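Structure below is final28.tsv: TSV, C-alpha atoms and all ligand atoms.
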chain	number	residue	atom	x	y	z
A	1	MET	CA	-6.55	35.18	8.95
A	2	THR	CA	-4.26	32.65	7.30
A	3	LEU	CA	-4.45	29.00	8.11
A	4	GLY	CA	-1.04	27.37	8.09
A	5	PRO	CA	-0.38	23.64	7.81
A	6	PRO	CA	-1.02	21.77	11.06
A	7	THR	CA	2.01	21.47	13.31
A	8	VAL	CA	3.63	18.09	12.76
A	9	THR	CA	5.22	16.79	15.91
A	10	GLY	CA	6.02	13.22	14.98
A	11	GLN	CA	4.76	11.03	12.21
A	12	VAL	CA	3.45	12.29	8.89
A	13	HIS	CA	-0.33	12.50	8.87
A	14	PHE	CA	-2.24	12.02	5.67
A	15	ASP	CA	-6.02	12.37	5.77
A	16	SER	CA	-7.23	9.34	7.75
A	17	HIS	CA	-9.03	7.72	4.81
A	18	VAL	CA	-5.95	8.23	2.59
A	19	THR	CA	-3.87	6.62	5.36
A	20	THR	CA	-6.13	3.57	5.33
A	21	THR	CA	-6.23	3.21	1.54
A	22	VAL	CA	-2.43	3.45	1.11
A	23	ALA	CA	-2.00	0.97	3.97
A	24	VAL	CA	-4.42	-1.40	2.21
A	25	ALA	CA	-2.57	-0.89	-1.11
A	26	ALA	CA	0.75	-1.88	0.51
A	27	ALA	CA	-0.91	-4.80	2.32
A	28	PHE	CA	-2.44	-6.12	-0.94
A	29	VAL	CA	0.94	-5.93	-2.71
A	30	ASN	CA	2.70	-7.72	0.16
A	31	ALA	CA	0.03	-10.41	0.56
A	32	LEU	CA	-0.89	-11.05	-3.09
A	33	ALA	CA	1.90	-9.84	-5.41
A	34	THR	CA	5.20	-10.54	-3.67
A	35	ALA	CA	7.56	-13.30	-4.79
A	36	GLU	CA	10.34	-12.77	-2.22
A	37	ALA	CA	10.11	-11.52	1.35
A	38	GLY	CA	12.66	-11.35	4.17
A	39	GLY	CA	15.32	-13.10	2.08
A	40	ARG	CA	13.17	-16.07	1.05
A	41	PRO	CA	10.84	-16.94	-1.82
A	42	VAL	CA	7.16	-16.64	-0.88
A	43	ALA	CA	5.08	-19.76	-1.55
A	44	LEU	CA	2.43	-19.10	-4.20
A	45	PRO	CA	-1.11	-19.33	-2.85
A	46	ALA	CA	-2.32	-22.92	-3.27
A	47	GLY	CA	-5.69	-22.23	-4.85
A	48	PRO	CA	-8.50	-19.67	-4.61
A	49	GLU	CA	-9.27	-20.32	-0.93
A	50	GLN	CA	-5.75	-19.29	0.07
A	51	VAL	CA	-5.93	-16.17	-2.11
A	52	ARG	CA	-9.19	-15.31	-0.35
A	53	ALA	CA	-7.67	-15.88	3.10
A	54	ARG	CA	-4.63	-13.74	2.23
A	55	ALA	CA	-6.80	-10.92	0.86
A	56	GLU	CA	-8.97	-10.88	3.99
A	57	ARG	CA	-5.93	-10.94	6.28
A	58	ALA	CA	-4.38	-8.03	4.35
A	59	LEU	CA	-7.57	-6.00	4.77
A	60	LEU	CA	-7.78	-6.74	8.50
A	61	GLU	CA	-4.11	-5.94	9.11
A	62	ALA	CA	-4.41	-2.65	7.23
A	63	GLY	CA	-7.34	-1.59	9.40
A	64	ALA	CA	-10.13	-1.88	6.83
A	65	ARG	CA	-13.64	-1.73	8.25
A	66	ARG	CA	-14.87	-4.77	6.33
A	67	ALA	CA	-12.72	-7.69	5.24
A	68	GLU	CA	-15.08	-10.38	3.89
A	69	VAL	CA	-14.54	-11.23	0.21
A	70	ASP	CA	-15.49	-14.23	-1.90
A	71	ALA	CA	-13.09	-16.16	-4.16
A	72	ASP	CA	-13.94	-14.17	-7.31
A	73	GLN	CA	-13.49	-10.89	-5.50
A	74	ALA	CA	-10.18	-12.11	-4.04
A	75	ALA	CA	-8.97	-12.96	-7.57
A	76	GLY	CA	-9.89	-9.40	-8.62
A	77	LEU	CA	-7.98	-8.01	-5.65
A	78	GLN	CA	-4.97	-10.13	-6.62
A	79	ARG	CA	-5.02	-8.58	-10.13
A	80	LEU	CA	-5.28	-5.16	-8.49
A	81	ALA	CA	-2.28	-6.02	-6.27
A	82	GLY	CA	-0.22	-6.73	-9.41
A	83	ARG	CA	-1.02	-3.27	-10.80
A	84	LEU	CA	-0.29	-1.63	-7.45
A	85	ARG	CA	3.07	-3.46	-7.38
A	86	GLU	CA	3.86	-1.71	-10.70
A	87	VAL	CA	3.24	1.66	-9.02
A	88	PHE	CA	5.60	0.93	-6.11
A	89	ALA	CA	8.22	-0.56	-8.49
A	90	ALA	CA	8.09	2.47	-10.79
A	91	LEU	CA	8.53	4.86	-7.85
A	92	ASP	CA	11.42	2.74	-6.54
A	93	ASP	CA	13.14	3.18	-9.96
A	94	GLY	CA	12.46	6.92	-10.04
A	95	ARG	CA	9.88	6.47	-12.87
A	96	GLU	CA	7.19	8.75	-11.50
A	97	ASP	CA	5.60	9.18	-14.94
A	98	ASP	CA	5.03	5.42	-15.22
A	99	ALA	CA	3.56	5.27	-11.70
A	100	ALA	CA	1.20	8.13	-12.52
A	101	GLY	CA	0.20	6.42	-15.78
A	102	VAL	CA	-0.79	3.19	-14.02
A	103	LEU	CA	-2.74	5.11	-11.37
A	104	ASN	CA	-4.62	7.09	-14.01
A	105	VAL	CA	-5.64	3.84	-15.74
A	106	LEU	CA	-6.84	2.36	-12.42
A	107	LEU	CA	-8.75	5.53	-11.56
A	108	ALA	CA	-10.51	5.44	-14.93
A	109	GLN	CA	-11.24	1.68	-14.80
A	110	SER	CA	-12.69	1.81	-11.30
A	111	GLY	CA	-14.91	4.80	-12.01
A	112	ALA	CA	-13.50	6.40	-8.86
A	113	ARG	CA	-15.60	9.28	-7.63
A	114	PRO	CA	-15.71	11.17	-4.35
A	115	HIS	CA	-18.67	10.52	-2.09
A	116	LEU	CA	-19.25	11.67	1.47
A	117	HIS	CA	-20.25	8.71	3.57
A	118	ARG	CA	-21.28	8.27	7.16
A	119	HIS	CA	-21.11	5.23	9.44
A	120	PRO	CA	-22.97	6.54	12.54
A	121	PRO	CA	-21.89	7.48	15.12
A	122	ALA	CA	-18.63	8.34	13.27
A	123	PRO	CA	-18.56	11.74	11.55
A	124	TRP	CA	-18.88	12.19	7.78
A	125	HIS	CA	-15.82	11.21	5.79
A	126	LEU	CA	-14.84	11.14	2.15
A	127	HIS	CA	-14.92	7.83	0.28
A	128	PHE	CA	-13.53	7.49	-3.23
A	129	HIS	CA	-16.36	5.30	-4.54
A	130	LEU	CA	-20.13	4.98	-4.22
A	131	PRO	CA	-21.61	2.93	-1.35
A	132	GLU	CA	-22.92	0.26	-3.75
A	133	ALA	CA	-19.46	-0.46	-5.24
A	134	GLY	CA	-18.27	-4.03	-4.63
A	135	PRO	CA	-14.92	-4.70	-2.94
A	136	VAL	CA	-12.86	-4.91	-6.16
A	137	GLU	CA	-14.24	-1.71	-7.69
A	138	GLY	CA	-14.24	0.01	-4.30
A	139	TRP	CA	-10.67	-0.93	-3.35
A	140	THR	CA	-9.38	-0.19	-6.87
A	141	ALA	CA	-10.88	3.30	-6.56
A	142	GLY	CA	-9.70	3.67	-2.94
A	143	CYS	CA	-6.14	2.39	-3.36
A	144	ALA	CA	-5.59	4.28	-6.63
A	145	THR	CA	-6.96	7.54	-5.19
A	146	GLY	CA	-4.94	7.18	-1.98
A	147	LEU	CA	-1.69	6.47	-3.85
A	148	ALA	CA	-2.46	9.27	-6.34
A	149	HIS	CA	-2.95	11.64	-3.40
A	150	VAL	CA	0.48	10.71	-1.98
A	151	LEU	CA	2.20	10.69	-5.41
A	152	GLY	CA	0.85	14.17	-6.13
A	153	SER	CA	2.09	15.56	-2.80
A	154	GLU	CA	5.48	16.33	-1.28
A	155	HIS	CA	5.34	12.84	0.26
A	156	ALA	CA	5.77	10.83	-2.98
A	157	GLY	CA	9.12	9.49	-1.74
A	158	ARG	CA	7.38	7.82	1.18
A	159	LEU	CA	6.07	4.93	-0.92
A	160	GLY	CA	8.97	2.51	-0.69
A	161	THR	CA	10.21	-0.98	-1.53
A	162	CYS	CA	12.46	-2.88	0.91
A	163	ALA	CA	16.16	-2.32	0.17
A	164	ALA	CA	17.24	-5.71	1.59
A	165	PRO	CA	18.31	-8.49	-0.80
A	166	ALA	CA	15.59	-10.98	-1.79
A	167	CYS	CA	12.81	-8.89	-0.32
A	168	GLU	CA	10.28	-6.99	-2.37
A	169	ARG	CA	7.85	-6.07	0.36
A	170	VAL	CA	6.58	-2.51	0.05
A	171	PHE	CA	5.80	0.05	2.76
A	172	VAL	CA	4.48	3.53	3.40
A	173	ASP	CA	7.02	5.52	5.39
A	174	ILE	CA	5.26	7.64	8.01
A	175	SER	CA	8.39	8.27	10.11
A	176	ARG	CA	9.31	11.82	11.01
A	177	ASN	CA	12.38	12.12	8.77
A	178	GLY	CA	11.18	9.87	5.92
A	179	SER	CA	14.41	7.87	5.73
A	180	ARG	CA	12.96	4.37	6.06
A	181	ARG	CA	14.59	1.82	3.71
A	182	PHE	CA	13.42	-1.58	4.94
A	183	CYS	CA	10.06	-3.34	5.29
A	184	ASN	CA	10.76	-4.25	8.92
A	185	THR	CA	13.51	-4.46	11.52
A	186	ALA	CA	14.27	-8.10	10.61
A	187	CYS	CA	15.36	-7.03	7.11
A	188	GLN	CA	17.23	-4.05	8.52
A	189	ASN	CA	19.13	-6.30	10.97
A	190	ARG	CA	19.86	-8.86	8.24
A	191	VAL	CA	21.52	-6.16	6.10
A	192	LYS	CA	23.36	-4.71	9.12
A	193	ALA	CA	24.73	-8.13	10.04
A	194	ALA	CA	25.83	-8.82	6.44
A	195	THR	CA	27.58	-5.42	6.23
A	196	HIS	CA	29.28	-6.09	9.57
A	197	ARG	CA	30.46	-9.56	8.41
A	198	ALA	CA	31.80	-8.07	5.15
A	199	ARG	CA	33.68	-5.32	7.05
A	200	SER	CA	35.24	-7.75	9.51
A	201	GLY	CA	36.27	-10.03	6.63
A	202	ARG	CA	34.37	-13.08	7.82
B	1	ZN	ZN	12.28	-6.60	3.62
Just give me the structure as structure tokens.
Amino acid sequence: MTLGPPTVTGQVHFDSHVTTTVAVAAAFVNALATAEAGGRPVALPAGPEQVRARAERALLEAGARRAEVDADQAAGLQRLAGRLREVFAALDDGREDDAAGVLNVLLAQSGARPHLHRHPPAPWHLHFHLPEAGPVEGWTAGCATGLAHVLGSEHAGRLGTCAAPACERVFVDISRNGSRRFCNTACQNRVKAATHRARSGR
């Protein structure tokens, strides 16, 4: 008997833990390492408390199970976000070798290692770090492994950076045809409106 790939009817499905870690990677970049979003400069976080609040919000929005971090851990996550930004930027420029190089460094630094973990009553699932890892080590291992998984698959092109002017938000494209170019519909509409104005000469 041969097992074929599962039938895909809509969105692309990565393994669920990979899905969470790449979503967290994109959320960290957008919350902690983005200078321009939606056509405007992003205000720098005013101190460690705001970095902490942004890191926790990013974790919650990306569906992480636990979001509490202290100020030191948030600073570590901000440094991680800067490295993850390099991965998305390299892929956006077609520099896959550079993206892979950064991910290999992060994998080595974090001591990433697979570990089956269970939060009863949920079934066993694969984590990319040991249970005792702190949030910085754990998310470095998790985000780097998740992105490495996508980069090393046929879905590498699905890690994207917004194509709108003055927006450097990143995203993971899980649409059926993989043709997403913008971080959200606001940026898409902004570009559409500008193109329309240019065409009509106004
Ligand atoms: Zn955008």
Counting only C-alpha atoms and all ligand atoms, figure out which residue out of A:Thr145, A:Thr161, A:Thr140, A:Asn104 gets nearest to ligand ZN 1 (chain B).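 Among A:Thr145, A:Thr161, A:Thr140, A:Asn104, it is A:Thr161 that comes nearest to ligand ZN 1 (chain B).
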Chain A residues near ligand ZN 1 (chain B) within 9 Å, closest pair each, using all atoms listed in the file, as a Markdown table:
| residue | atom | partner | partner_atom | distance |
| --- | --- | --- | --- | --- |
| A:Glu36 | CA | B:ZN1 | ZN | 8.7 |
| A:Ala37 | CA | B:ZN1 | ZN | 5.8 |
| A:Gly38 | CA | B:ZN1 | ZN | 4.8 |
| A:Gly39 | CA | B:ZN1 | ZN | 7.3 |
| A:Thr161 | CA | B:ZN1 | ZN | 7.9 |
| A:Cys162 | CA | B:ZN1 | ZN | 4.6 |
| A:Ala163 | CA | B:ZN1 | ZN | 6.7 |
| A:Ala164 | CA | B:ZN1 | ZN | 5.4 |
| A:Pro165 | CA | B:ZN1 | ZN | 7.7 |
| A:Ala166 | CA | B:ZN1 | ZN | 7.7 |
| A:Cys167 | CA | B:ZN1 | ZN | 4.6 |
| A:Glu168 | CA | B:ZN1 | ZN | 6.3 |
| A:Arg169 | CA | B:ZN1 | ZN | 5.5 |
| A:Val170 | CA | B:ZN1 | ZN | 7.9 |
| A:Arg181 | CA | B:ZN1 | ZN | 8.7 |
| A:Phe182 | CA | B:ZN1 | ZN | 5.3 |
| A:Cys183 | CA | B:ZN1 | ZN | 4.3 |
| A:Asn184 | CA | B:ZN1 | ZN | 6.0 |
| A:Thr185 | CA | B:ZN1 | ZN | 8.3 |
| A:Ala186 | CA | B:ZN1 | ZN | 7.4 |
| A:Cys187 | CA | B:ZN1 | ZN | 4.7 |
| A:Gln188 | CA | B:ZN1 | ZN | 7.4 |
Atoms kept (C-alpha atoms) for selection, written as a compact mmCIF listing (two decimals), keeping the file's coordinate frame:
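In the end it all went to selection_38.txt:
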# COMPACT_ATOMS: atom_id res chain seq x y z
CA GLU A 36 10.34 -12.77 -2.22
CA ALA A 37 10.11 -11.52 1.35
CA GLY A 38 12.66 -11.35 4.17
CA GLY A 39 15.32 -13.10 2.08
CA THR A 161 10.21 -0.98 -1.53
CA CYS A 162 12.46 -2.88 0.91
CA ALA A 163 16.16 -2.32 0.17
CA ALA A 164 17.24 -5.71 1.59
CA PRO A 165 18.31 -8.49 -0.80
CA ALA A 166 15.59 -10.98 -1.79
CA CYS A 167 12.81 -8.89 -0.32
CA GLU A 168 10.28 -6.99 -2.37
CA ARG A 169 7.85 -6.07 0.36
CA VAL A 170 6.58 -2.51 0.05
CA ARG A 181 14.59 1.82 3.71
CA PHE A 182 13.42 -1.58 4.94
CA CYS A 183 10.06 -3.34 5.29
CA ASN A 184 10.76 -4.25 8.92
CA THR A 185 13.51 -4.46 11.52
CA ALA A 186 14.27 -8.10 10.61
CA CYS A 187 15.36 -7.03 7.11
CA GLN A 188 17.23 -4.05 8.52
Near Glu56 of chain A, within 12 Å and counting only C-alpha atoms, which residues show up once chain neighbours fewer than 6 positions away are dropped, as a PyMOL selection string? chain A and resi 24+27-28+31-32+49-50+62-71+73-75+77-78+135
Report, in Å with one decimal, the straight-line distance from atom CA of Ile174 of chain A to atom CA of Gly160 of chain A.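 One can read the atom CA of Ile174 of chain A to atom CA of Gly160 of chain A distance as 10.8 Å.
Interatomic distance, atom CA of Gly152 of chain A to atom CA of Leu130 of chain A: 23.0 Å.
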Enter the distance from atom CA of Pro131 of chain A to atom CA of Gly111 of chain A, in Å, rounded to one decimal.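 Distance reported for this atom pair: 12.7 Å.
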Determine, counting all atoms listed in the file, which protein, DNA and RNA residues have an atom within 8 Å of an atom of segment 90-102 of chain A; residues of the same chain fewer than 4 positions away are not included. Present the result as a JSON list (two decimals) with C-alpha atoms, in the coordinates of the input.
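And here's part.json as it stands now:
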[["chain", "number", "residue", "atom", "x", "y", "z"],
["A", 83, "ARG", "CA", -1.02, -3.27, -10.80],
["A", 86, "GLU", "CA", 3.86, -1.71, -10.70],
["A", 106, "LEU", "CA", -6.84, 2.36, -12.42],
["A", 148, "ALA", "CA", -2.46, 9.27, -6.34],
["A", 151, "LEU", "CA", 2.20, 10.69, -5.41],
["A", 157, "GLY", "CA", 9.12, 9.49, -1.74],
["A", 159, "LEU", "CA", 6.07, 4.93, -0.92],
["A", 160, "GLY", "CA", 8.97, 2.51, -0.69],
["A", 161, "THR", "CA", 10.21, -0.98, -1.53]]
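In this comparison, which uses all atoms listed in the file, the residue of A:Thr21, A:Ala144, A:Asn30, A:Gly134 approaching Val42 of chain A most closely is A:Asn30.
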How would you write as a ChimeraX atom specification the residues that get within 12 Å of (2.4, -18.8, -9.1) in the file's frame, counting all atoms listed in the file? /A:32-35,41-48,51,78
Starting from the incomplete input, reconstruct N, CA and C atoms of segment 63-78 of chain A and report them as a tab-separated table (two decimals), in the coordinates of the input.
chain	number	residue	atom	x	y	z
A	63	GLY	N	-6.35	-2.38	8.67
A	63	GLY	CA	-7.34	-1.59	9.40
A	63	GLY	C	-8.60	-1.29	8.61
A	64	ALA	N	-8.90	-2.11	7.58
A	64	ALA	CA	-10.13	-1.88	6.83
A	64	ALA	C	-11.34	-2.21	7.70
A	65	ARG	N	-12.43	-1.53	7.45
A	65	ARG	CA	-13.64	-1.73	8.25
A	65	ARG	C	-14.29	-3.08	7.98
A	66	ARG	N	-14.28	-3.48	6.69
A	66	ARG	CA	-14.87	-4.77	6.33
A	66	ARG	C	-13.83	-5.59	5.57
A	67	ALA	N	-13.76	-6.88	5.86
A	67	ALA	CA	-12.72	-7.69	5.24
A	67	ALA	C	-13.26	-8.89	4.47
A	68	GLU	N	-14.57	-9.16	4.53
A	68	GLU	CA	-15.08	-10.38	3.89
A	68	GLU	C	-15.10	-10.23	2.38
A	69	VAL	N	-14.47	-11.18	1.67
A	69	VAL	CA	-14.54	-11.23	0.21
A	69	VAL	C	-14.76	-12.67	-0.21
A	70	ASP	N	-15.37	-12.86	-1.40
A	70	ASP	CA	-15.49	-14.23	-1.90
A	70	ASP	C	-14.31	-14.52	-2.84
A	71	ALA	N	-14.27	-15.74	-3.38
A	71	ALA	CA	-13.09	-16.16	-4.16
A	71	ALA	C	-12.92	-15.32	-5.43
A	72	ASP	N	-14.03	-14.99	-6.10
A	72	ASP	CA	-13.94	-14.17	-7.31
A	72	ASP	C	-13.41	-12.77	-6.99
A	73	GLN	N	-13.94	-12.22	-5.91
A	73	GLN	CA	-13.49	-10.89	-5.50
A	73	GLN	C	-12.01	-10.91	-5.12
A	74	ALA	N	-11.59	-11.99	-4.43
A	74	ALA	CA	-10.18	-12.11	-4.04
A	74	ALA	C	-9.29	-12.18	-5.28
A	75	ALA	N	-9.75	-12.89	-6.33
A	75	ALA	CA	-8.97	-12.96	-7.57
A	75	ALA	C	-8.85	-11.56	-8.19
A	76	GLY	N	-9.93	-10.78	-8.12
A	76	GLY	CA	-9.89	-9.40	-8.62
A	76	GLY	C	-8.92	-8.54	-7.81
A	77	LEU	N	-8.90	-8.77	-6.51
A	77	LEU	CA	-7.98	-8.01	-5.65
A	77	LEU	C	-6.52	-8.41	-5.92
A	78	GLN	N	-6.33	-9.70	-6.29
A	78	GLN	CA	-4.97	-10.13	-6.62
A	78	GLN	C	-4.48	-9.44	-7.91
